[in-house]
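Here's the structure we're looking at; comments come further down.
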Amino acid sequence: MRTERAYKSGENLIVGESGSETVCSFPAGKVSCLLAPCKSGKTHFLRYICGLEKSDLKVFCGDELTDLSAKERDMSVIFAACSLFGGKTVRDNTAYVLEIRGIEREIAAEIAREAAEKAGLGAIVDSKAKKLNAYEKFAAEIARAYARRPRAVLIDEPFLRTGLKFREQTAALMANLAEVSGAPVV
């Protein structure tokens, strides 16, 4: 069964003020970092971009997304707290995001397997999420982004979750996601 789907064309993610002045521009197919002191609003900024919070900022990624709901903006968001279902496998956690969008279970499971392989989890695709270490949980959430093929991927505190031990693997995983998907990864 062939499940390969094209990724959305890579578009830069641009955040600007209502006077059309650009605040930030995140290039398609690249990883960008927000660097600022603790408690300075980085998480809120990501929430504005993906549409979970309201702001006066304009958001563009190919099209203007400002007035669209979070669902309509079609962004993958990975917050600092793990969002996997502990009793489900890596494959089931990844397939779930496809099934709720109407993709048949068998096709979603195959796309999820392929996404898990891209995230380096092919050998543990049938392991329960509660048995994974911090890096593997993060990689499983990256697998969801591979499977969804979003306009942009927003990741809050990736190194906080995976720790110093997995810093290089975490950076490589995000870089590969950006390159393969063509989406901006922030």
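We name chains A, B, ... following the order of the structure tokens; residues begin at 1 in each chain, and ligands are numbered from 1 as shown.
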Inset, instruction - Find the spatial neighbours of Ala178 in chain A, counting only C-alpha atoms, within a cut-off of 9 Å - ignore same-chain residues fewer than 6 positions away - and output them as a ChimeraX atom specification. - result: /A:28-31,152-153,184-185
Requested in this report: Check the DSSP output for the backbone and give back, as a list in words, the residues of chain A in strand (DSSP E).
Outcome: Leu13, Ile14, Val15, Gly16, Thr22, Val23, Cys24, Ser25, Phe26, Lys58, Val59, Phe60, Cys61, Asp63, Glu64, Met75, Ser76, Val77, Ile78, Ala152, Val153, Leu154 and Ile155 of chain A
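Comparing A:Gly41, A:Gly16, A:Gly87, A:Gly10 by their smallest distance to Gly62 in chain A, the closest is A:Gly10 (using only C-alpha atoms).
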One residue among A:Phe60, A:Phe166, A:Phe85, A:Phe159 is nearest to Glu141 in chain A when using only C-alpha atoms, and that residue is A:Phe85
Skip Gly122 in chain A itself and residues of its chain fewer than 3 positions away, then list as a VMD selection string all residues within 10 Å of it, counting only C-alpha atoms. chain A and resid 90 to 91 112 to 119 125 to 126
Could those residues be written to a file, using N, CA, C and O atoms, as an mmCIF file, in the first residue's frame?
data_model
loop_
_atom_site.group_PDB
_atom_site.id
_atom_site.type_symbol
_atom_site.label_atom_id
_atom_site.label_comp_id
_atom_site.auth_asym_id
_atom_site.auth_seq_id
_atom_site.Cartn_x
_atom_site.Cartn_y
_atom_site.Cartn_z
ATOM 1 N N VAL A 90 3.483 4.243 19.937
ATOM 2 C CA VAL A 90 3.974 5.347 19.104
ATOM 3 C C VAL A 90 3.132 5.427 17.834
ATOM 4 O O VAL A 90 2.686 6.500 17.431
ATOM 5 N N ARG A 91 2.895 4.265 17.201
ATOM 6 C CA ARG A 91 2.091 4.237 15.969
ATOM 7 C C ARG A 91 0.688 4.773 16.216
ATOM 8 O O ARG A 91 0.195 5.604 15.462
ATOM 9 N N ALA A 112 1.681 6.563 9.882
ATOM 10 C CA ALA A 112 2.283 6.693 11.210
ATOM 11 C C ALA A 112 3.565 5.870 11.312
ATOM 12 O O ALA A 112 4.561 6.322 11.883
ATOM 13 N N ARG A 113 3.567 4.669 10.749
ATOM 14 C CA ARG A 113 4.776 3.840 10.763
ATOM 15 C C ARG A 113 5.903 4.526 10.005
ATOM 16 O O ARG A 113 7.035 4.602 10.478
ATOM 17 N N GLU A 114 5.578 5.068 8.824
ATOM 18 C CA GLU A 114 6.589 5.769 8.023
ATOM 19 C C GLU A 114 7.107 7.006 8.765
ATOM 20 O O GLU A 114 8.312 7.288 8.751
ATOM 21 N N ALA A 115 6.211 7.732 9.417
ATOM 22 C CA ALA A 115 6.608 8.924 10.166
ATOM 23 C C ALA A 115 7.504 8.547 11.343
ATOM 24 O O ALA A 115 8.484 9.241 11.631
ATOM 25 N N ALA A 116 7.181 7.455 12.022
ATOM 26 C CA ALA A 116 8.009 6.996 13.139
ATOM 27 C C ALA A 116 9.411 6.631 12.656
ATOM 28 O O ALA A 116 10.402 6.921 13.331
ATOM 29 N N GLU A 117 9.506 6.034 11.494
ATOM 30 C CA GLU A 117 10.826 5.714 10.928
ATOM 31 C C GLU A 117 11.611 6.988 10.653
ATOM 32 O O GLU A 117 12.806 7.071 10.956
ATOM 33 N N LYS A 118 10.965 8.007 10.083
ATOM 34 C CA LYS A 118 11.637 9.282 9.818
ATOM 35 C C LYS A 118 12.131 9.926 11.102
ATOM 36 O O LYS A 118 13.145 10.613 11.104
ATOM 37 N N ALA A 119 11.411 9.696 12.191
ATOM 38 C CA ALA A 119 11.794 10.262 13.485
ATOM 39 C C ALA A 119 12.756 9.346 14.244
ATOM 40 O O ALA A 119 13.095 9.621 15.391
ATOM 41 N N VAL A 125 8.153 1.384 17.209
ATOM 42 C CA VAL A 125 6.874 1.940 16.782
ATOM 43 C C VAL A 125 5.688 1.321 17.523
ATOM 44 O O VAL A 125 4.656 1.959 17.688
ATOM 45 N N ASP A 126 5.841 0.090 18.005
ATOM 46 C CA ASP A 126 4.747 -0.565 18.713
ATOM 47 C C ASP A 126 4.929 -0.556 20.232
ATOM 48 O O ASP A 126 4.241 -1.269 20.947
#
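Interatomic distance, CA of Ser55 in chain A against CA of Glu17 in chain A: 9.6 Å.
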- Item | Nearby residues (only C-alpha atoms) at most 8 Å from Asp92 in chain A, same-chain spacing under 3 positions excluded, as an MDAnalysis selection string | chainID A and resid 88:89 95:96 109 112
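Among the candidate residues A:Asp156, A:Glu104, A:Gly86, A:Leu173, the one lying nearest to Asn133 in chain A is A:Gly86, with distances computed using only C-alpha atoms.
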Please return as a compact mmCIF listing (two decimals) with N, CA, C and O atoms, in the first residue's frame: the residues of range 27-182 of chain A that backbone DSSP assigns to alpha helix (DSSP H).
# COMPACT_ATOMS: atom_id res chain seq x y z
N LYS A 42 7.85 33.94 25.35
CA LYS A 42 8.10 33.09 24.17
C LYS A 42 6.95 32.11 23.93
O LYS A 42 6.49 31.95 22.80
N THR A 43 6.47 31.48 24.99
CA THR A 43 5.37 30.52 24.84
C THR A 43 4.11 31.24 24.38
O THR A 43 3.40 30.75 23.49
N HIS A 44 3.82 32.41 24.94
CA HIS A 44 2.65 33.18 24.49
C HIS A 44 2.79 33.55 23.01
O HIS A 44 1.82 33.50 22.26
N PHE A 45 3.99 33.90 22.59
CA PHE A 45 4.22 34.25 21.19
C PHE A 45 3.90 33.05 20.29
O PHE A 45 3.23 33.20 19.26
N LEU A 46 4.34 31.85 20.68
CA LEU A 46 4.01 30.65 19.91
C LEU A 46 2.50 30.41 19.89
O LEU A 46 1.93 30.03 18.87
N ARG A 47 1.85 30.65 21.03
CA ARG A 47 0.40 30.48 21.11
C ARG A 47 -0.33 31.48 20.21
O ARG A 47 -1.36 31.16 19.64
N TYR A 48 0.20 32.70 20.10
CA TYR A 48 -0.37 33.69 19.17
C TYR A 48 -0.23 33.21 17.73
O TYR A 48 -1.17 33.27 16.95
N ILE A 49 0.95 32.74 17.39
CA ILE A 49 1.21 32.30 16.01
C ILE A 49 0.26 31.19 15.60
O ILE A 49 -0.31 31.21 14.51
N CYS A 50 0.07 30.20 16.49
CA CYS A 50 -0.77 29.05 16.11
C CYS A 50 -2.26 29.31 16.30
O CYS A 50 -3.08 28.48 15.91
N ALA A 70 -7.22 28.09 15.21
CA ALA A 70 -6.00 27.29 15.35
C ALA A 70 -6.06 26.07 14.42
O ALA A 70 -5.08 25.73 13.77
N LYS A 71 -7.21 25.43 14.33
CA LYS A 71 -7.35 24.25 13.46
C LYS A 71 -7.15 24.63 12.00
O LYS A 71 -6.47 23.93 11.25
N GLU A 72 -7.71 25.75 11.59
CA GLU A 72 -7.60 26.19 10.19
C GLU A 72 -6.19 26.64 9.83
O GLU A 72 -5.81 26.60 8.67
N ARG A 73 -5.42 27.06 10.82
CA ARG A 73 -4.03 27.48 10.55
C ARG A 73 -3.14 26.30 10.19
O ARG A 73 -2.10 26.45 9.59
N VAL A 90 3.48 4.24 19.94
CA VAL A 90 3.97 5.35 19.10
C VAL A 90 3.13 5.43 17.83
O VAL A 90 2.69 6.50 17.43
N ARG A 91 2.89 4.26 17.20
CA ARG A 91 2.09 4.24 15.97
C ARG A 91 0.69 4.77 16.22
O ARG A 91 0.20 5.60 15.46
N ASP A 92 0.04 4.32 17.29
CA ASP A 92 -1.33 4.76 17.58
C ASP A 92 -1.41 6.24 17.93
O ASP A 92 -2.35 6.93 17.53
N ASN A 93 -0.43 6.74 18.68
CA ASN A 93 -0.38 8.16 19.00
C ASN A 93 -0.24 9.00 17.74
O ASN A 93 -0.87 10.05 17.60
N THR A 94 0.58 8.54 16.81
CA THR A 94 0.80 9.27 15.57
C THR A 94 -0.40 9.14 14.64
O THR A 94 -0.83 10.12 14.03
N ALA A 95 -0.96 7.95 14.54
CA ALA A 95 -2.12 7.73 13.66
C ALA A 95 -3.34 8.50 14.12
O ALA A 95 -4.16 8.93 13.30
N TYR A 96 -3.45 8.72 15.43
CA TYR A 96 -4.62 9.40 15.98
C TYR A 96 -4.84 10.77 15.33
O TYR A 96 -5.97 11.13 15.00
N VAL A 97 -3.76 11.54 15.14
CA VAL A 97 -3.91 12.89 14.58
C VAL A 97 -4.40 12.84 13.13
O VAL A 97 -4.97 13.80 12.63
N LEU A 98 -4.21 11.71 12.47
CA LEU A 98 -4.71 11.54 11.10
C LEU A 98 -6.15 11.05 11.11
O LEU A 98 -6.98 11.50 10.32
N GLU A 99 -6.44 10.12 12.02
CA GLU A 99 -7.79 9.56 12.10
C GLU A 99 -8.83 10.63 12.44
O GLU A 99 -9.93 10.62 11.90
N ARG A 105 -8.29 4.24 9.18
CA ARG A 105 -7.40 3.69 10.20
C ARG A 105 -6.19 2.96 9.61
O ARG A 105 -5.06 3.17 10.07
N GLU A 106 -6.39 2.12 8.59
CA GLU A 106 -5.28 1.36 8.02
C GLU A 106 -4.26 2.27 7.33
O GLU A 106 -3.06 2.09 7.45
N ILE A 107 -4.76 3.25 6.62
CA ILE A 107 -3.87 4.21 5.94
C ILE A 107 -3.15 5.06 6.97
O ILE A 107 -1.94 5.28 6.87
N ALA A 108 -3.87 5.51 7.99
CA ALA A 108 -3.26 6.31 9.05
C ALA A 108 -2.17 5.52 9.76
O ALA A 108 -1.10 6.07 10.06
N ALA A 109 -2.39 4.24 10.00
CA ALA A 109 -1.39 3.40 10.67
C ALA A 109 -0.13 3.26 9.82
O ALA A 109 0.99 3.28 10.35
N GLU A 110 -0.28 3.15 8.52
CA GLU A 110 0.89 3.03 7.64
C GLU A 110 1.65 4.36 7.56
O GLU A 110 2.88 4.38 7.60
N ILE A 111 0.93 5.45 7.45
CA ILE A 111 1.58 6.78 7.46
C ILE A 111 2.30 6.98 8.79
O ILE A 111 3.43 7.49 8.82
N ALA A 112 1.68 6.56 9.88
CA ALA A 112 2.28 6.69 11.21
C ALA A 112 3.56 5.87 11.31
O ALA A 112 4.56 6.32 11.88
N ARG A 113 3.57 4.67 10.75
CA ARG A 113 4.78 3.84 10.76
C ARG A 113 5.90 4.53 10.00
O ARG A 113 7.04 4.60 10.48
N GLU A 114 5.58 5.07 8.82
CA GLU A 114 6.59 5.77 8.02
C GLU A 114 7.11 7.01 8.77
O GLU A 114 8.31 7.29 8.75
N ALA A 115 6.21 7.73 9.42
CA ALA A 115 6.61 8.92 10.17
C ALA A 115 7.50 8.55 11.34
O ALA A 115 8.48 9.24 11.63
N ALA A 116 7.18 7.46 12.02
CA ALA A 116 8.01 7.00 13.14
C ALA A 116 9.41 6.63 12.66
O ALA A 116 10.40 6.92 13.33
N GLU A 117 9.51 6.03 11.49
CA GLU A 117 10.83 5.71 10.93
C GLU A 117 11.61 6.99 10.65
O GLU A 117 12.81 7.07 10.96
N LYS A 118 10.97 8.01 10.08
CA LYS A 118 11.64 9.28 9.82
C LYS A 118 12.13 9.93 11.10
O LYS A 118 13.14 10.61 11.10
N ALA A 134 12.52 10.37 27.72
CA ALA A 134 12.13 11.74 27.35
C ALA A 134 12.41 12.04 25.88
O ALA A 134 11.59 12.64 25.20
N TYR A 135 13.57 11.61 25.39
CA TYR A 135 13.90 11.87 23.99
C TYR A 135 12.95 11.12 23.06
O TYR A 135 12.47 11.67 22.06
N GLU A 136 12.68 9.86 23.36
CA GLU A 136 11.78 9.07 22.51
C GLU A 136 10.37 9.66 22.49
O GLU A 136 9.71 9.65 21.45
N LYS A 137 9.91 10.19 23.61
CA LYS A 137 8.60 10.84 23.64
C LYS A 137 8.60 12.08 22.75
O LYS A 137 7.65 12.31 22.00
N PHE A 138 9.67 12.85 22.83
CA PHE A 138 9.79 14.04 21.96
C PHE A 138 9.80 13.60 20.50
O PHE A 138 9.11 14.17 19.66
N ALA A 139 10.57 12.56 20.18
CA ALA A 139 10.65 12.06 18.80
C ALA A 139 9.28 11.55 18.33
O ALA A 139 8.93 11.72 17.15
N ALA A 140 8.50 10.97 19.22
CA ALA A 140 7.16 10.51 18.85
C ALA A 140 6.26 11.70 18.50
O ALA A 140 5.45 11.62 17.58
N GLU A 141 6.44 12.82 19.21
CA GLU A 141 5.66 14.01 18.87
C GLU A 141 6.14 14.61 17.55
O GLU A 141 5.34 15.13 16.77
N ILE A 142 7.43 14.50 17.27
CA ILE A 142 7.95 14.92 15.96
C ILE A 142 7.37 14.02 14.87
O ILE A 142 7.03 14.49 13.77
N ALA A 143 7.22 12.74 15.15
CA ALA A 143 6.62 11.82 14.17
C ALA A 143 5.21 12.28 13.80
O ALA A 143 4.80 12.18 12.64
N ARG A 144 4.46 12.79 14.77
CA ARG A 144 3.14 13.33 14.47
C ARG A 144 3.23 14.47 13.45
O ARG A 144 2.41 14.58 12.55
N ALA A 145 4.24 15.32 13.62
CA ALA A 145 4.41 16.44 12.68
C ALA A 145 4.75 15.91 11.29
O ALA A 145 4.25 16.42 10.29
N TYR A 146 5.61 14.90 11.21
CA TYR A 146 5.90 14.29 9.90
C TYR A 146 4.60 13.78 9.27
O TYR A 146 4.36 13.97 8.09
N ALA A 147 3.79 13.10 10.07
CA ALA A 147 2.55 12.49 9.56
C ALA A 147 1.54 13.55 9.11
O ALA A 147 0.89 13.39 8.08
N ARG A 148 1.42 14.63 9.88
CA ARG A 148 0.42 15.67 9.58
C ARG A 148 0.75 16.54 8.39
O ARG A 148 -0.12 17.07 7.74
N PRO A 158 12.23 22.60 23.44
CA PRO A 158 12.61 21.23 23.08
C PRO A 158 13.76 20.67 23.91
O PRO A 158 13.76 19.48 24.26
N PHE A 159 14.74 21.49 24.26
CA PHE A 159 15.89 20.99 24.99
C PHE A 159 15.59 20.81 26.48
O PHE A 159 16.23 19.99 27.14
N LEU A 160 14.62 21.53 26.97
CA LEU A 160 14.20 21.35 28.36
C LEU A 160 13.60 19.95 28.52
O LEU A 160 13.85 19.27 29.51
N ARG A 161 12.86 19.52 27.54
CA ARG A 161 12.20 18.20 27.61
C ARG A 161 13.17 17.06 27.49
O ARG A 161 13.03 16.05 28.15
N THR A 162 14.15 17.18 26.58
CA THR A 162 15.01 16.04 26.29
C THR A 162 16.31 16.07 27.09
O THR A 162 16.99 15.06 27.18
N ARG A 167 20.81 16.48 23.56
CA ARG A 167 20.80 17.77 22.87
C ARG A 167 21.10 17.63 21.38
O ARG A 167 20.38 18.18 20.55
N GLU A 168 22.16 16.93 21.03
CA GLU A 168 22.54 16.81 19.62
C GLU A 168 21.50 16.05 18.81
O GLU A 168 21.17 16.45 17.69
N GLN A 169 20.96 14.97 19.38
CA GLN A 169 19.93 14.20 18.67
C GLN A 169 18.67 15.03 18.48
O GLN A 169 18.02 14.95 17.44
N THR A 170 18.32 15.82 19.48
CA THR A 170 17.14 16.68 19.39
C THR A 170 17.31 17.71 18.28
O THR A 170 16.40 17.90 17.46
N ALA A 171 18.46 18.36 18.24
CA ALA A 171 18.73 19.35 17.19
C ALA A 171 18.71 18.71 15.81
O ALA A 171 18.13 19.25 14.87
N ALA A 172 19.30 17.52 15.68
CA ALA A 172 19.31 16.83 14.38
C ALA A 172 17.91 16.43 13.95
O ALA A 172 17.56 16.52 12.77
N LEU A 173 17.10 15.99 14.91
CA LEU A 173 15.72 15.59 14.61
C LEU A 173 14.91 16.78 14.09
O LEU A 173 14.19 16.67 13.09
N MET A 174 15.06 17.94 14.72
CA MET A 174 14.33 19.13 14.28
C MET A 174 14.84 19.59 12.91
O MET A 174 14.04 19.98 12.05
N ALA A 175 16.14 19.53 12.68
CA ALA A 175 16.70 19.94 11.39
C ALA A 175 16.21 19.02 10.28
O ALA A 175 15.87 19.49 9.18
N ASN A 176 16.14 17.73 10.55
CA ASN A 176 15.65 16.80 9.54
C ASN A 176 14.18 17.04 9.24
O ASN A 176 13.75 16.99 8.08
N LEU A 177 13.38 17.31 10.27
CA LEU A 177 11.96 17.61 10.07
C LEU A 177 11.81 18.83 9.16
O LEU A 177 11.02 18.81 8.22
N ALA A 178 12.57 19.88 9.43
CA ALA A 178 12.49 21.09 8.61
C ALA A 178 12.88 20.79 7.17
O ALA A 178 12.20 21.22 6.23
N GLU A 179 13.95 20.05 6.98
CA GLU A 179 14.43 19.76 5.62
C GLU A 179 13.45 18.89 4.85
O GLU A 179 13.11 19.17 3.71
N VAL A 180 12.96 17.83 5.47
CA VAL A 180 12.06 16.89 4.79
C VAL A 180 10.70 17.52 4.52
O VAL A 180 10.14 17.36 3.44
N SER A 181 10.17 18.25 5.51
CA SER A 181 8.82 18.80 5.37
C SER A 181 8.80 20.09 4.56
O SER A 181 7.79 20.44 3.96
